[in-house]
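Novice: Okay, so here is final.txt, and as you'll see once you scroll down, it has compact mmCIF, C-alpha atoms.
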```
# COMPACT_ATOMS: atom_id res chain seq x y z
CA VAL A 1 0.00 0.00 0.00
CA THR A 2 1.64 3.22 -1.15
CA THR A 3 1.99 5.53 1.84
CA TRP A 4 3.09 9.16 1.93
CA VAL A 5 3.63 11.40 4.93
CA ILE A 6 3.08 15.17 4.99
CA VAL A 7 5.21 16.80 7.70
CA VAL A 8 3.84 20.25 8.52
CA ALA A 9 6.68 22.57 9.56
CA ALA A 10 5.43 25.94 8.32
CA GLY A 11 4.43 27.47 11.67
CA SER A 12 5.95 30.75 12.77
CA GLY A 13 6.11 29.68 16.42
CA THR A 14 4.25 32.68 17.83
CA ARG A 15 4.03 31.25 21.35
CA PHE A 16 7.54 29.80 21.17
CA GLY A 17 9.04 33.08 19.94
CA GLY A 18 10.61 31.76 16.73
CA ALA A 19 10.60 28.87 14.29
CA LYS A 20 10.99 26.03 16.78
CA GLN A 21 11.25 23.36 14.07
CA TYR A 22 14.86 24.37 13.36
CA GLU A 23 16.00 24.42 17.00
CA PRO A 24 18.56 21.79 18.01
CA LEU A 25 17.19 18.78 19.87
CA ALA A 26 19.51 16.05 21.12
CA GLY A 27 21.90 16.30 18.18
CA ARG A 28 19.45 16.99 15.34
CA ARG A 29 17.04 19.77 14.48
CA VAL A 30 13.50 19.39 15.84
CA LEU A 31 12.20 18.82 12.30
CA ASP A 32 14.72 16.07 11.52
CA TRP A 33 13.29 13.79 14.21
CA SER A 34 9.93 13.74 12.44
CA LEU A 35 11.49 13.22 9.00
CA HIS A 36 13.50 10.29 10.30
CA ALA A 37 10.46 8.61 11.89
CA ALA A 38 8.21 9.34 8.88
CA ALA A 39 10.73 7.85 6.47
CA THR A 40 10.53 4.49 8.28
CA VAL A 41 6.91 3.94 7.18
CA ALA A 42 6.60 6.05 4.02
CA ASP A 43 7.31 5.66 0.33
CA GLY A 44 7.69 9.42 0.25
CA VAL A 45 7.63 12.47 2.51
CA VAL A 46 6.39 15.96 1.69
CA VAL A 47 7.80 18.58 4.03
CA VAL A 48 5.82 21.82 4.22
CA THR A 49 8.00 24.72 5.36
CA ALA A 50 7.39 28.47 5.48
CA ASP A 51 9.51 29.16 2.40
CA GLY A 52 9.72 25.75 0.72
CA ALA A 53 13.51 26.04 0.56
CA ALA A 54 15.74 22.96 0.62
CA LEU A 55 16.40 21.56 4.09
CA GLY A 56 20.14 21.16 3.90
CA PRO A 57 22.40 18.16 3.59
CA ASP A 58 21.92 16.84 7.10
CA VAL A 59 18.44 15.42 6.49
CA ASP A 60 18.60 11.64 6.59
CA ALA A 61 15.54 10.21 4.89
CA GLY A 62 17.12 6.78 4.46
CA GLY A 63 16.47 6.63 0.73
CA THR A 64 12.81 7.69 0.96
CA ALA A 65 11.64 10.29 -1.58
CA MET A 66 11.49 13.76 -0.03
CA VAL A 67 9.85 16.87 -1.47
CA VAL A 68 9.82 20.33 0.14
CA VAL A 69 6.94 22.73 -0.61
CA PRO A 70 5.98 26.14 0.81
CA GLY A 71 3.08 26.43 3.27
CA GLY A 72 -0.09 28.52 3.33
CA ASP A 73 -1.66 31.09 5.62
CA THR A 74 -3.26 28.54 7.95
CA ARG A 75 -2.34 25.06 9.10
CA SER A 76 -5.00 23.52 6.85
CA ALA A 77 -3.77 25.58 3.87
CA SER A 78 -0.29 24.20 4.54
CA VAL A 79 -1.66 20.65 4.58
CA ARG A 80 -3.37 21.33 1.25
CA SER A 81 -0.09 22.62 -0.14
CA GLY A 82 1.46 19.32 0.94
CA LEU A 83 -1.43 17.27 -0.46
CA ALA A 84 -0.91 18.83 -3.88
CA ALA A 85 2.60 17.38 -3.90
CA VAL A 86 1.58 13.83 -2.88
CA PRO A 87 1.47 11.55 -5.96
CA ALA A 88 -1.96 10.32 -7.09
CA GLU A 89 -1.00 6.68 -6.49
CA ALA A 90 -0.66 7.19 -2.71
CA GLU A 91 -3.44 5.21 -1.00
CA VAL A 92 -2.64 6.17 2.59
CA ILE A 93 -1.63 9.72 3.54
CA VAL A 94 -0.31 10.59 7.00
CA VAL A 95 -0.25 14.15 8.35
CA HIS A 96 2.23 14.95 11.11
CA ASP A 97 3.19 18.15 12.93
CA ALA A 98 6.94 18.81 13.08
CA ALA A 99 6.25 20.30 16.52
CA ARG A 100 5.94 16.69 17.79
CA PRO A 101 9.51 15.47 17.25
CA LEU A 102 9.20 12.49 19.58
CA ALA A 103 6.61 10.59 17.56
CA THR A 104 8.16 7.15 17.21
CA PRO A 105 8.31 4.96 14.09
CA GLU A 106 6.06 2.56 16.03
CA LEU A 107 3.41 5.26 16.42
CA PHE A 108 3.55 6.02 12.69
CA GLU A 109 3.13 2.28 12.04
CA ARG A 110 0.17 2.04 14.39
CA VAL A 111 -1.93 4.68 12.62
CA VAL A 112 -0.91 3.50 9.14
CA ASP A 113 -1.76 -0.12 10.01
CA ALA A 114 -5.21 0.91 11.24
CA VAL A 115 -5.98 2.53 7.88
CA ARG A 116 -4.49 -0.40 5.96
CA ASP A 117 -6.82 -2.59 8.02
CA GLY A 118 -9.89 -0.66 6.89
CA ALA A 119 -10.22 2.51 8.96
CA VAL A 120 -10.94 5.72 7.03
CA ALA A 121 -8.95 7.78 9.53
CA ALA A 122 -6.76 6.74 12.49
CA ILE A 123 -5.33 9.13 15.05
CA PRO A 124 -3.35 8.70 18.30
CA GLY A 125 -5.06 9.64 21.55
CA VAL A 126 -3.90 9.73 25.17
CA ASP A 127 -5.72 10.08 28.48
CA VAL A 128 -6.26 13.57 29.82
CA VAL A 129 -4.30 13.75 33.09
CA ASP A 130 -5.29 17.20 34.35
CA THR A 131 -8.66 18.15 35.72
CA ILE A 132 -10.41 20.09 32.94
CA ARG A 133 -12.90 22.91 33.51
CA HIS A 134 -15.13 24.92 31.22
CA ARG A 135 -13.92 28.53 31.24
CA SER A 136 -17.52 29.45 31.99
CA GLY A 137 -17.41 27.24 35.12
CA GLY A 138 -17.93 23.59 35.96
CA VAL A 139 -15.72 20.52 35.64
CA VAL A 140 -15.67 18.38 32.50
CA ASP A 141 -15.53 14.60 33.02
CA ARG A 142 -11.94 13.97 31.89
CA ASP A 143 -12.55 10.24 31.48
CA ALA A 144 -14.90 11.13 28.62
CA LEU A 145 -12.12 13.06 26.88
CA VAL A 146 -9.06 12.07 24.88
CA ALA A 147 -6.12 14.32 23.92
CA VAL A 148 -5.35 13.99 20.23
CA GLN A 149 -1.84 13.82 18.73
CA THR A 150 -0.27 13.45 15.32
CA PRO A 151 0.71 11.47 13.17
CA GLN A 152 -2.82 11.05 11.80
CA ALA A 153 -3.36 8.54 8.95
CA PHE A 154 -6.11 8.70 6.34
CA ARG A 155 -7.38 6.92 3.29
CA ALA A 156 -6.05 9.25 0.60
CA ASP A 157 -9.39 9.87 -1.12
CA VAL A 158 -11.07 10.75 2.18
CA LEU A 159 -8.38 13.25 3.20
CA ARG A 160 -8.39 14.86 -0.25
CA ALA A 161 -12.20 15.13 -0.17
CA ALA A 162 -12.16 16.68 3.31
CA HIS A 163 -9.69 19.32 2.15
CA ALA A 164 -11.47 19.96 -1.16
CA SER A 165 -14.03 22.07 0.70
CA GLY A 166 -11.21 24.39 1.83
CA GLY A 167 -12.10 24.41 5.54
CA ASP A 168 -9.76 25.02 8.44
CA ALA A 169 -9.28 23.00 11.62
CA THR A 170 -6.60 22.46 14.27
CA ASP A 171 -6.34 18.85 13.12
CA ASP A 172 -7.22 16.94 9.99
CA ALA A 173 -9.33 14.33 11.74
CA SER A 174 -11.84 17.06 12.69
CA LEU A 175 -12.00 18.12 9.07
CA VAL A 176 -12.61 14.54 7.91
CA GLU A 177 -15.27 14.13 10.58
CA SER A 178 -17.00 17.38 9.58
CA THR A 179 -17.33 15.97 6.06
CA GLY A 180 -18.90 12.75 7.30
CA GLY A 181 -15.89 10.44 7.79
CA SER A 182 -15.48 8.37 10.95
CA VAL A 183 -12.29 8.49 12.98
CA VAL A 184 -10.61 5.64 14.89
CA VAL A 185 -8.50 6.56 17.94
CA VAL A 186 -5.48 4.31 18.54
CA ALA A 187 -3.16 4.36 21.57
CA GLY A 188 -0.98 7.47 21.49
CA ASP A 189 2.22 8.08 23.43
CA PRO A 190 2.33 10.50 26.38
CA ALA A 191 5.95 11.32 25.46
CA ASN A 192 4.84 12.48 22.00
CA ARG A 193 4.30 16.01 23.26
CA LYS A 194 3.82 19.15 21.20
CA ILE A 195 6.57 21.76 21.51
CA THR A 196 4.88 25.07 22.22
CA THR A 197 7.15 26.83 24.71
CA ALA A 198 10.88 26.94 25.45
CA ASP A 199 10.21 24.65 28.44
CA ASP A 200 8.73 22.09 26.04
CA LEU A 201 12.03 21.99 24.20
CA VAL A 202 13.87 21.36 27.48
CA ILE A 203 11.40 18.55 28.14
CA ALA A 204 11.84 17.02 24.69
CA GLU A 205 15.61 17.14 25.08
CA ALA A 206 15.41 15.22 28.37
CA LEU A 207 13.09 12.59 26.90
CA ALA A 208 15.14 12.24 23.71
CA ARG A 209 18.36 11.71 25.67
CA GLY A 210 16.60 9.23 27.96
CA ARG A 211 15.51 7.19 24.96
CA ARG A 212 18.96 7.21 23.48
CA ASN A 213 20.34 5.87 26.76
CA GLU A 214 17.74 3.10 26.65
CA GLY A 215 18.81 2.32 23.08
CA VAL A 216 15.33 3.01 21.70
CA ARG A 217 16.81 5.01 18.83
CA VAL B 1 -4.38 36.33 57.58
CA THR B 2 -3.51 32.93 59.02
CA THR B 3 -2.80 30.56 56.16
CA TRP B 4 -2.19 26.81 56.27
CA VAL B 5 -1.28 24.48 53.41
CA ILE B 6 -2.30 20.82 53.16
CA VAL B 7 0.16 18.88 51.00
CA VAL B 8 -1.43 15.63 49.82
CA ALA B 9 1.23 12.92 49.43
CA ALA B 10 -0.71 9.79 50.29
CA GLY B 11 -1.09 8.35 46.78
CA SER B 12 0.20 4.88 46.04
CA GLY B 13 1.36 5.86 42.53
CA THR B 14 -0.52 3.12 40.67
CA ARG B 15 0.28 4.51 37.22
CA PHE B 16 3.82 5.46 38.25
CA GLY B 17 4.54 2.04 39.75
CA GLY B 18 5.46 3.18 43.26
CA ALA B 19 5.27 6.08 45.67
CA LYS B 20 6.63 8.81 43.38
CA GLN B 21 6.59 11.45 46.11
CA TYR B 22 9.76 9.97 47.64
CA GLU B 23 11.73 9.72 44.37
CA PRO B 24 14.79 11.98 44.04
CA LEU B 25 14.29 15.12 41.95
CA ALA B 26 17.20 17.47 41.35
CA GLY B 27 18.77 16.95 44.75
CA ARG B 28 15.64 16.66 46.93
CA ARG B 29 12.75 14.23 47.15
CA VAL B 30 9.71 15.08 45.00
CA LEU B 31 7.71 15.85 48.15
CA ASP B 32 10.31 18.25 49.55
CA TRP B 33 9.89 20.66 46.64
CA SER B 34 6.24 21.20 47.57
CA LEU B 35 6.99 21.53 51.28
CA HIS B 36 9.63 24.15 50.56
CA ALA B 37 7.31 26.20 48.33
CA ALA B 38 4.34 25.83 50.69
CA ALA B 39 6.39 27.01 53.67
CA THR B 40 7.09 30.33 51.95
CA VAL B 41 3.42 31.38 52.16
CA ALA B 42 2.10 29.39 55.11
CA ASP B 43 1.96 29.73 58.88
CA GLY B 44 1.79 25.95 58.97
CA VAL B 45 1.86 22.92 56.70
CA VAL B 46 -0.01 19.64 57.14
CA VAL B 47 1.55 16.81 55.15
CA VAL B 48 -0.75 13.88 54.45
CA THR B 49 1.23 10.68 53.80
CA ALA B 50 0.17 7.06 53.48
CA ASP B 51 1.39 6.13 56.96
CA GLY B 52 1.65 9.49 58.70
CA ALA B 53 5.22 8.72 59.76
CA ALA B 54 7.80 11.46 60.26
CA LEU B 55 9.45 12.69 57.08
CA GLY B 56 13.08 12.59 58.14
CA PRO B 57 15.58 15.26 59.07
CA ASP B 58 16.14 16.58 55.55
CA VAL B 59 12.86 18.47 55.36
CA ASP B 60 13.53 22.19 55.40
CA ALA B 61 10.37 24.04 56.35
CA GLY B 62 12.24 27.23 57.20
CA GLY B 63 10.74 27.53 60.66
CA THR B 64 7.13 26.98 59.54
CA ALA B 65 5.06 24.58 61.67
CA MET B 66 4.82 21.16 60.06
CA VAL B 67 2.47 18.31 61.00
CA VAL B 68 2.35 14.87 59.38
CA VAL B 69 -0.93 12.90 59.37
CA PRO B 70 -1.98 9.62 57.71
CA GLY B 71 -4.21 9.68 54.62
CA GLY B 72 -7.54 8.04 53.81
CA ASP B 73 -8.86 5.67 51.16
CA THR B 74 -9.51 8.39 48.56
CA ARG B 75 -7.88 11.70 47.71
CA SER B 76 -10.76 13.61 49.31
CA ALA B 77 -10.56 11.46 52.44
CA SER B 78 -6.87 12.35 52.64
CA VAL B 79 -7.70 16.05 52.35
CA ARG B 80 -10.22 15.65 55.18
CA SER B 81 -7.56 13.95 57.28
CA GLY B 82 -5.38 17.00 56.62
CA LEU B 83 -8.21 19.43 57.36
CA ALA B 84 -8.74 17.86 60.78
CA ALA B 85 -5.15 18.83 61.65
CA VAL B 86 -5.41 22.46 60.49
CA PRO B 87 -5.94 24.76 63.51
CA ALA B 88 -9.33 26.47 63.81
CA GLU B 89 -7.75 29.93 63.53
CA ALA B 90 -6.64 29.34 59.93
CA GLU B 91 -8.61 31.66 57.65
CA VAL B 92 -7.15 30.55 54.32
CA ILE B 93 -6.44 26.88 53.55
CA VAL B 94 -4.47 25.79 50.49
CA VAL B 95 -4.58 22.24 49.13
CA HIS B 96 -1.66 21.06 47.01
CA ASP B 97 -0.74 17.74 45.42
CA ALA B 98 2.82 16.57 46.14
CA ALA B 99 2.76 15.14 42.60
CA ARG B 100 3.25 18.74 41.36
CA PRO B 101 6.72 19.48 42.76
CA LEU B 102 7.38 22.45 40.48
CA ALA B 103 4.66 24.69 41.85
CA THR B 104 6.55 27.90 42.62
CA PRO B 105 6.26 30.08 45.74
CA GLU B 106 4.87 32.75 43.36
CA LEU B 107 2.05 30.43 42.30
CA PHE B 108 1.20 29.72 45.96
CA GLU B 109 1.15 33.48 46.57
CA ARG B 110 -1.11 34.10 43.58
CA VAL B 111 -3.90 31.79 44.76
CA VAL B 112 -3.58 32.86 48.39
CA ASP B 113 -3.70 36.55 47.43
CA ALA B 114 -6.88 35.99 45.41
CA VAL B 115 -8.63 34.54 48.47
CA ARG B 116 -7.24 37.26 50.75
CA ASP B 117 -8.70 39.73 48.23
CA GLY B 118 -12.18 38.25 48.57
CA ALA B 119 -12.45 35.12 46.41
CA VAL B 120 -14.03 32.07 48.05
CA ALA B 121 -11.81 29.71 46.04
CA ALA B 122 -8.87 30.41 43.71
CA ILE B 123 -7.21 27.81 41.50
CA PRO B 124 -4.49 27.93 38.82
CA GLY B 125 -5.50 27.17 35.24
CA VAL B 126 -3.54 26.88 31.99
CA ASP B 127 -4.56 26.73 28.34
CA VAL B 128 -5.24 23.32 26.84
CA VAL B 129 -2.61 22.81 24.12
CA ASP B 130 -3.73 19.50 22.61
CA THR B 131 -6.78 19.02 20.46
CA ILE B 132 -9.37 17.37 22.71
CA ARG B 133 -12.03 14.90 21.53
CA HIS B 134 -14.98 13.26 23.20
CA ARG B 135 -14.30 9.52 23.41
CA SER B 136 -17.72 9.08 21.83
CA GLY B 137 -16.59 11.20 18.85
CA GLY B 138 -16.38 14.88 17.97
CA VAL B 139 -13.92 17.62 18.83
CA VAL B 140 -14.31 19.78 21.94
CA ASP B 141 -13.53 23.50 21.53
CA ARG B 142 -10.27 23.65 23.49
CA ASP B 143 -10.45 27.44 23.80
CA ALA B 144 -13.49 26.92 26.02
CA LEU B 145 -11.49 24.66 28.34
CA VAL B 146 -8.88 25.25 31.01
CA ALA B 147 -6.57 22.65 32.59
CA VAL B 148 -6.64 22.92 36.37
CA GLN B 149 -3.62 22.63 38.67
CA THR B 150 -2.85 22.83 42.37
CA PRO B 151 -2.16 24.69 44.71
CA GLN B 152 -5.82 25.61 45.23
CA ALA B 153 -6.67 28.21 47.91
CA PHE B 154 -9.95 28.46 49.80
CA ARG B 155 -11.64 30.44 52.49
CA ALA B 156 -11.30 27.99 55.39
CA ASP B 157 -15.01 27.85 56.27
CA VAL B 158 -15.97 27.17 52.64
CA LEU B 159 -13.47 24.30 52.25
CA ARG B 160 -14.51 22.78 55.56
CA ALA B 161 -18.21 23.01 54.59
CA ALA B 162 -17.56 21.43 51.18
CA HIS B 163 -15.81 18.49 52.84
CA ALA B 164 -18.38 18.15 55.62
CA SER B 165 -20.70 16.37 53.18
CA GLY B 166 -18.04 13.67 52.71
CA GLY B 167 -18.03 13.70 48.89
CA ASP B 168 -15.17 12.74 46.61
CA ALA B 169 -13.67 14.63 43.67
CA THR B 170 -10.39 14.79 41.76
CA ASP B 171 -9.95 18.34 42.97
CA ASP B 172 -11.27 20.40 45.84
CA ALA B 173 -12.53 23.24 43.69
CA SER B 174 -15.10 20.88 42.13
CA LEU B 175 -16.25 19.89 45.59
CA VAL B 176 -16.61 23.53 46.64
CA GLU B 177 -18.50 24.25 43.42
CA SER B 178 -20.83 21.30 43.93
CA THR B 179 -21.79 22.77 47.30
CA GLY B 180 -22.56 26.17 45.78
CA GLY B 181 -19.26 28.05 46.06
CA SER B 182 -17.84 30.01 43.12
CA VAL B 183 -14.30 29.43 41.90
CA VAL B 184 -11.85 31.99 40.48
CA VAL B 185 -9.24 30.76 38.00
CA VAL B 186 -5.87 32.57 38.16
CA ALA B 187 -2.93 32.15 35.77
CA GLY B 188 -1.29 28.78 36.29
CA ASP B 189 2.17 27.71 35.15
CA PRO B 190 2.65 25.24 32.27
CA ALA B 191 5.81 23.96 34.00
CA ASN B 192 3.75 23.00 37.07
CA ARG B 193 3.06 19.56 35.66
CA LYS B 194 1.70 16.55 37.49
CA ILE B 195 4.05 13.59 37.81
CA THR B 196 2.15 10.53 36.66
CA THR B 197 4.68 8.44 34.73
CA ALA B 198 8.44 7.81 34.89
CA ASP B 199 8.81 10.12 31.88
CA ASP B 200 7.16 12.89 33.89
CA LEU B 201 9.92 12.58 36.48
CA VAL B 202 12.56 12.90 33.72
CA ILE B 203 10.71 16.01 32.55
CA ALA B 204 10.51 17.52 36.04
CA GLU B 205 14.22 16.89 36.55
CA ALA B 206 15.06 18.75 33.33
CA LEU B 207 12.82 21.70 34.27
CA ALA B 208 14.09 21.83 37.85
CA ARG B 209 17.73 21.88 36.73
CA GLY B 210 16.91 24.54 34.15
CA ARG B 211 15.41 26.75 36.84
CA ARG B 212 18.36 26.28 39.11
CA ASN B 213 20.66 27.37 36.28
CA GLU B 214 18.54 30.46 35.81
CA GLY B 215 18.84 31.17 39.54
CA VAL B 216 15.07 30.98 40.07
CA ARG B 217 15.58 28.83 43.15
```
When written as C-alpha cells, how does the structure in this file appear?

Specialist:
Amino acid sequence: VTTWVIVVAAGSGTRFGGAKQYEPLAGRRVLDWSLHAAATVADGVVVVTADGAALGPDVDAGGTAMVVVPGGDTRSASVRSGLAAVPAEAEVIVVHDAARPLATPELFERVVDAVRDGAVAAIPGVDVVDTIRHRSGGVVDRDALVAVQTPQAFRADVLRAAHASGGDATDDASLVESTGGSVVVVAGDPANRKITTADDLVIAEALARGRRNEGVR
Amino acid sequence: VTTWVIVVAAGSGTRFGGAKQYEPLAGRRVLDWSLHAAATVADGVVVVTADGAALGPDVDAGGTAMVVVPGGDTRSASVRSGLAAVPAEAEVIVVHDAARPLATPELFERVVDAVRDGAVAAIPGVDVVDTIRHRSGGVVDRDALVAVQTPQAFRADVLRAAHASGGDATDDASLVESTGGSVVVVAGDPANRKITTADDLVIAEALARGRRNEGVR
C-alpha cells in the first residue's frame, strides 16, 4: 500500500518566539526527528515549510523520496499545499506536525496499520491527566475526553475530499469528521508532546536523551 | 491572615509504579519541593502521607510549623484527614498535590492573594494545548477549556463546609462548586506539571535543573 507522509513545519512559532522546528534537539534539528520517523513507514515524505527552501544536507531520509513545498496562511492551507505534492498513487496519507519530534516509528506504524486494516482515519489519543474545567465554570468529566496527537493517517481519497471544501481545523481528523468520515483513535504516546514553549524543548531534550540511553533510537 | 497548606502525598502511585513522592528530583525528594514552596506562604503545613510517619531530618520548612498525618482511602478522604489537623484559627487553607513538585512560591502566593482579596476559592489554570475529543466522537472547543492545577486556595469555612458532606472529587474546587461556592481561576504555570509516569519525572528533573541554572531557586 503506497503511503506518503506530509510533515507540517510551516508554523511561525508565535508562542515559542521563533521557528521552533529548526532548534537543536539532542543532536538533530526538531524537524529532523519527524522526518527520520516518517521515512521508516513512508514511500515518500512531503515537508511543508514556510519558504519551501531545501532543508540542507543533514536530512537523513534513508532513501525515501522527499519533497519540500511552501506552506499557506493557515495550518490547513499548509496541509493542502502538501497534499498537492503527494502523488496520485498514494493510498494512505499521513499528516504529522513537526512540533511533535518524539513521535516514534512505532506510532507512525500504528496509525498507518489501522488505515491499511480498513479505517478511514486513524489518530493517536492519550488520556487527559489534568482536571479540565469549562472557562464558563464547571468541571468536565476527563474520562470522557481524549487528547489527540499526530501522526494522523487517512485513506487518501477521504483526506483529499475533506480538504477539497477548503475548511480550516486544528487537526485533519476534525475536518474529515465534519465531512462525514469516521475516525478511529489508537493508543498514542504520552511522550509524544507538542513543543509550544521553550520549556517544552527542554522537556523534549530530556526525553530524547533518555531514549537514546535506553537504546530506543 | 492565618494561612495553612495541606500537601497531599498519600497516593500509592498506581500509574507510576510506586510512591513517586519519595523519588529523588534534582537533589531533593519530590515531596520536599512542595513543602519548601508551601512554607514560603504558610503559617503551617499539614503533610498527608500514606502512613503518617515522620518525614526525616532533611525536610527544610524554614521555621514553619509542620504536621504529618496519615491519609484516607480516597484523595478527598486524605484532604479531610489533613483538614482535621489544620488549627481552627486558619482563615485561608491551600490544598496542594505533592505530585506537582514544580509549583513555585509565586504560584502559591497568587492563589492565596486571590482569596485574601475576597475570592471564596482560587485555583491555577492553563490553556489546553492539545486538540481534545470526546471519546464518543467529535472535537471539543479547546479554547473553552482550562486545565486545572494545584495549589488551590480556599476560604477555610468554605473548604470545611464542602468536605463536611463527605463527597469525593479529583480536585477540591469541584467539591466547593458542587456545594454552591464560586471558583476563580488565576494564571497557572505550564511547567507546574503533574508527575504521573516515569517520563514525567525525567521532565521535572530537566525543568528543575533549568530553573536552578537560571537562579530561580

Novice: Which protein, DNA or RNA residues are at most 6 Å from (-0.1, 22.3, 60.6) in the file's coordinates when you count only C-alpha atoms, listed as a PyMOL selection string?

Specialist: chain B and resi 44-46+65-67+86

Novice: Show which residues sit within 6 Å of stretch 130-133 of chain B, as a PyMOL selection string. Count all atoms listed in the file, and ignore same-chain residues fewer than 2 positions away.

Specialist: (chain A and resi 145-148) or (chain B and resi 128+138-140)

Novice: Keeping C-alpha atoms, export the residues of the selection given above as a tab-separated table (two decimals), in the coordinates of the input.

Specialist:
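What ended up in part.tsv:
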```
chain	number	residue	atom	x	y	z
A	145	LEU	CA	-12.12	13.06	26.88
A	146	VAL	CA	-9.06	12.07	24.88
A	147	ALA	CA	-6.12	14.32	23.92
A	148	VAL	CA	-5.35	13.99	20.23
B	128	VAL	CA	-5.24	23.32	26.84
B	138	GLY	CA	-16.38	14.88	17.97
B	139	VAL	CA	-13.92	17.62	18.83
B	140	VAL	CA	-14.31	19.78	21.94
```

Novice: Under the rule of at most 9 Å, produce a per-residue listing of chain A near chain B: chain, number, name, the closest pair of atoms, and the distance in Å, as a tab-separated table, using all atoms listed in the file.

Specialist:
```
residue	atom	partner	partner_atom	distance
A:Gly125	CA	B:Arg133	CA	8.7
A:Val128	CA	B:Ile132	CA	8.6
A:Val129	CA	B:Lys194	CA	7.9
A:Asp130	CA	B:Ala147	CA	5.9
A:Thr131	CA	B:Val148	CA	5.2
A:Ile132	CA	B:Ala147	CA	4.6
A:Arg133	CA	B:Val146	CA	5.3
A:His134	CA	B:Leu145	CA	4.6
A:Arg135	CA	B:Leu145	CA	5.4
A:Ser136	CA	B:Ala144	CA	7.6
A:Gly137	CA	B:Val183	CA	7.8
A:Gly138	CA	B:Ser174	CA	7.3
A:Val139	CA	B:Ser174	CA	6.5
A:Val140	CA	B:Leu145	CA	8.6
A:Asp143	CA	B:Arg135	CA	8.3
A:Ala144	CA	B:Arg135	CA	5.5
A:Leu145	CA	B:His134	CA	4.7
A:Val146	CA	B:Arg133	CA	5.3
A:Ala147	CA	B:Ile132	CA	4.6
A:Val148	CA	B:Thr131	CA	5.2
A:Gln149	CA	B:Asp130	CA	7.1
A:Thr170	CA	B:Thr131	CA	7.1
A:Asp171	CA	B:Thr131	CA	7.4
A:Ser174	CA	B:Val139	CA	6.5
A:Glu177	CA	B:Gly138	CA	7.5
A:Ser178	CA	B:Gly138	CA	8.8
A:Ser182	CA	B:Gly137	CA	8.5
A:Val183	CA	B:Gly137	CA	7.8
A:Val185	CA	B:Arg135	CA	8.5
A:Pro190	CA	B:Asp199	CA	8.5
A:Ala191	CA	B:Asp199	CA	7.1
A:Arg193	CA	B:Asp130	CA	8.8
A:Lys194	CA	B:Asp130	CA	7.7
A:Thr196	CA	B:Val129	CA	8.1
A:Thr197	CA	B:Pro190	CA	8.9
A:Asp199	CA	B:Leu207	CA	7.0
A:Asp200	CA	B:Ala191	CA	8.7
A:Val202	CA	B:Ala206	CA	6.5
A:Ile203	CA	B:Ile203	CA	5.1
A:Ala204	CA	B:Ile203	CA	8.0
A:Glu205	CA	B:Ala206	CA	8.4
A:Ala206	CA	B:Ala206	CA	6.1
A:Leu207	CA	B:Val202	CA	6.8
A:Gly210	CA	B:Val202	CA	7.9
```

Novice: Rounded to one decimal, what separation in Å do you get between atom CA of B:Leu107 and atom CA of B:Gly188?

Specialist: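 Atom CA of B:Gly188 lies at a distance of 7.1 Å from atom CA of B:Leu107.
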
Novice: In Å to one decimal, how far is atom CA of B:Asp168 from atom CA of B:Ser76?

Specialist: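 For atom CA of B:Ser76 relative to atom CA of B:Asp168, the distance reads 5.2 Å.
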
Novice: Would you please work out which residue, of A:Ala208, A:Ala161, A:Leu201, A:Leu35, is nearest to A:His96 when using all atoms listed in the file?

Specialist: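 Smallest separation from A:His96 among the options: A:Leu35.
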
Novice: Grab all the atoms of stretch 117-128 of chain B that the file lists, wrap them in a box along x, y and z, add 5 Å per side, and give me centre plus edge lengths in Å (one decimal) as JSON.

Specialist:
```
{"center_x": -8.8, "center_y": 31.5, "center_z": 37.7, "size_x": 20.5, "size_y": 26.4, "size_z": 31.7}
```

Novice: Considering only C-alpha atoms, state which residue in the set B:Leu102, B:Ala156, B:Val94, B:Ala50 is at the smallest distance from B:Ile6.

Specialist: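 Selected residue with least distance to B:Ile6: B:Val94.
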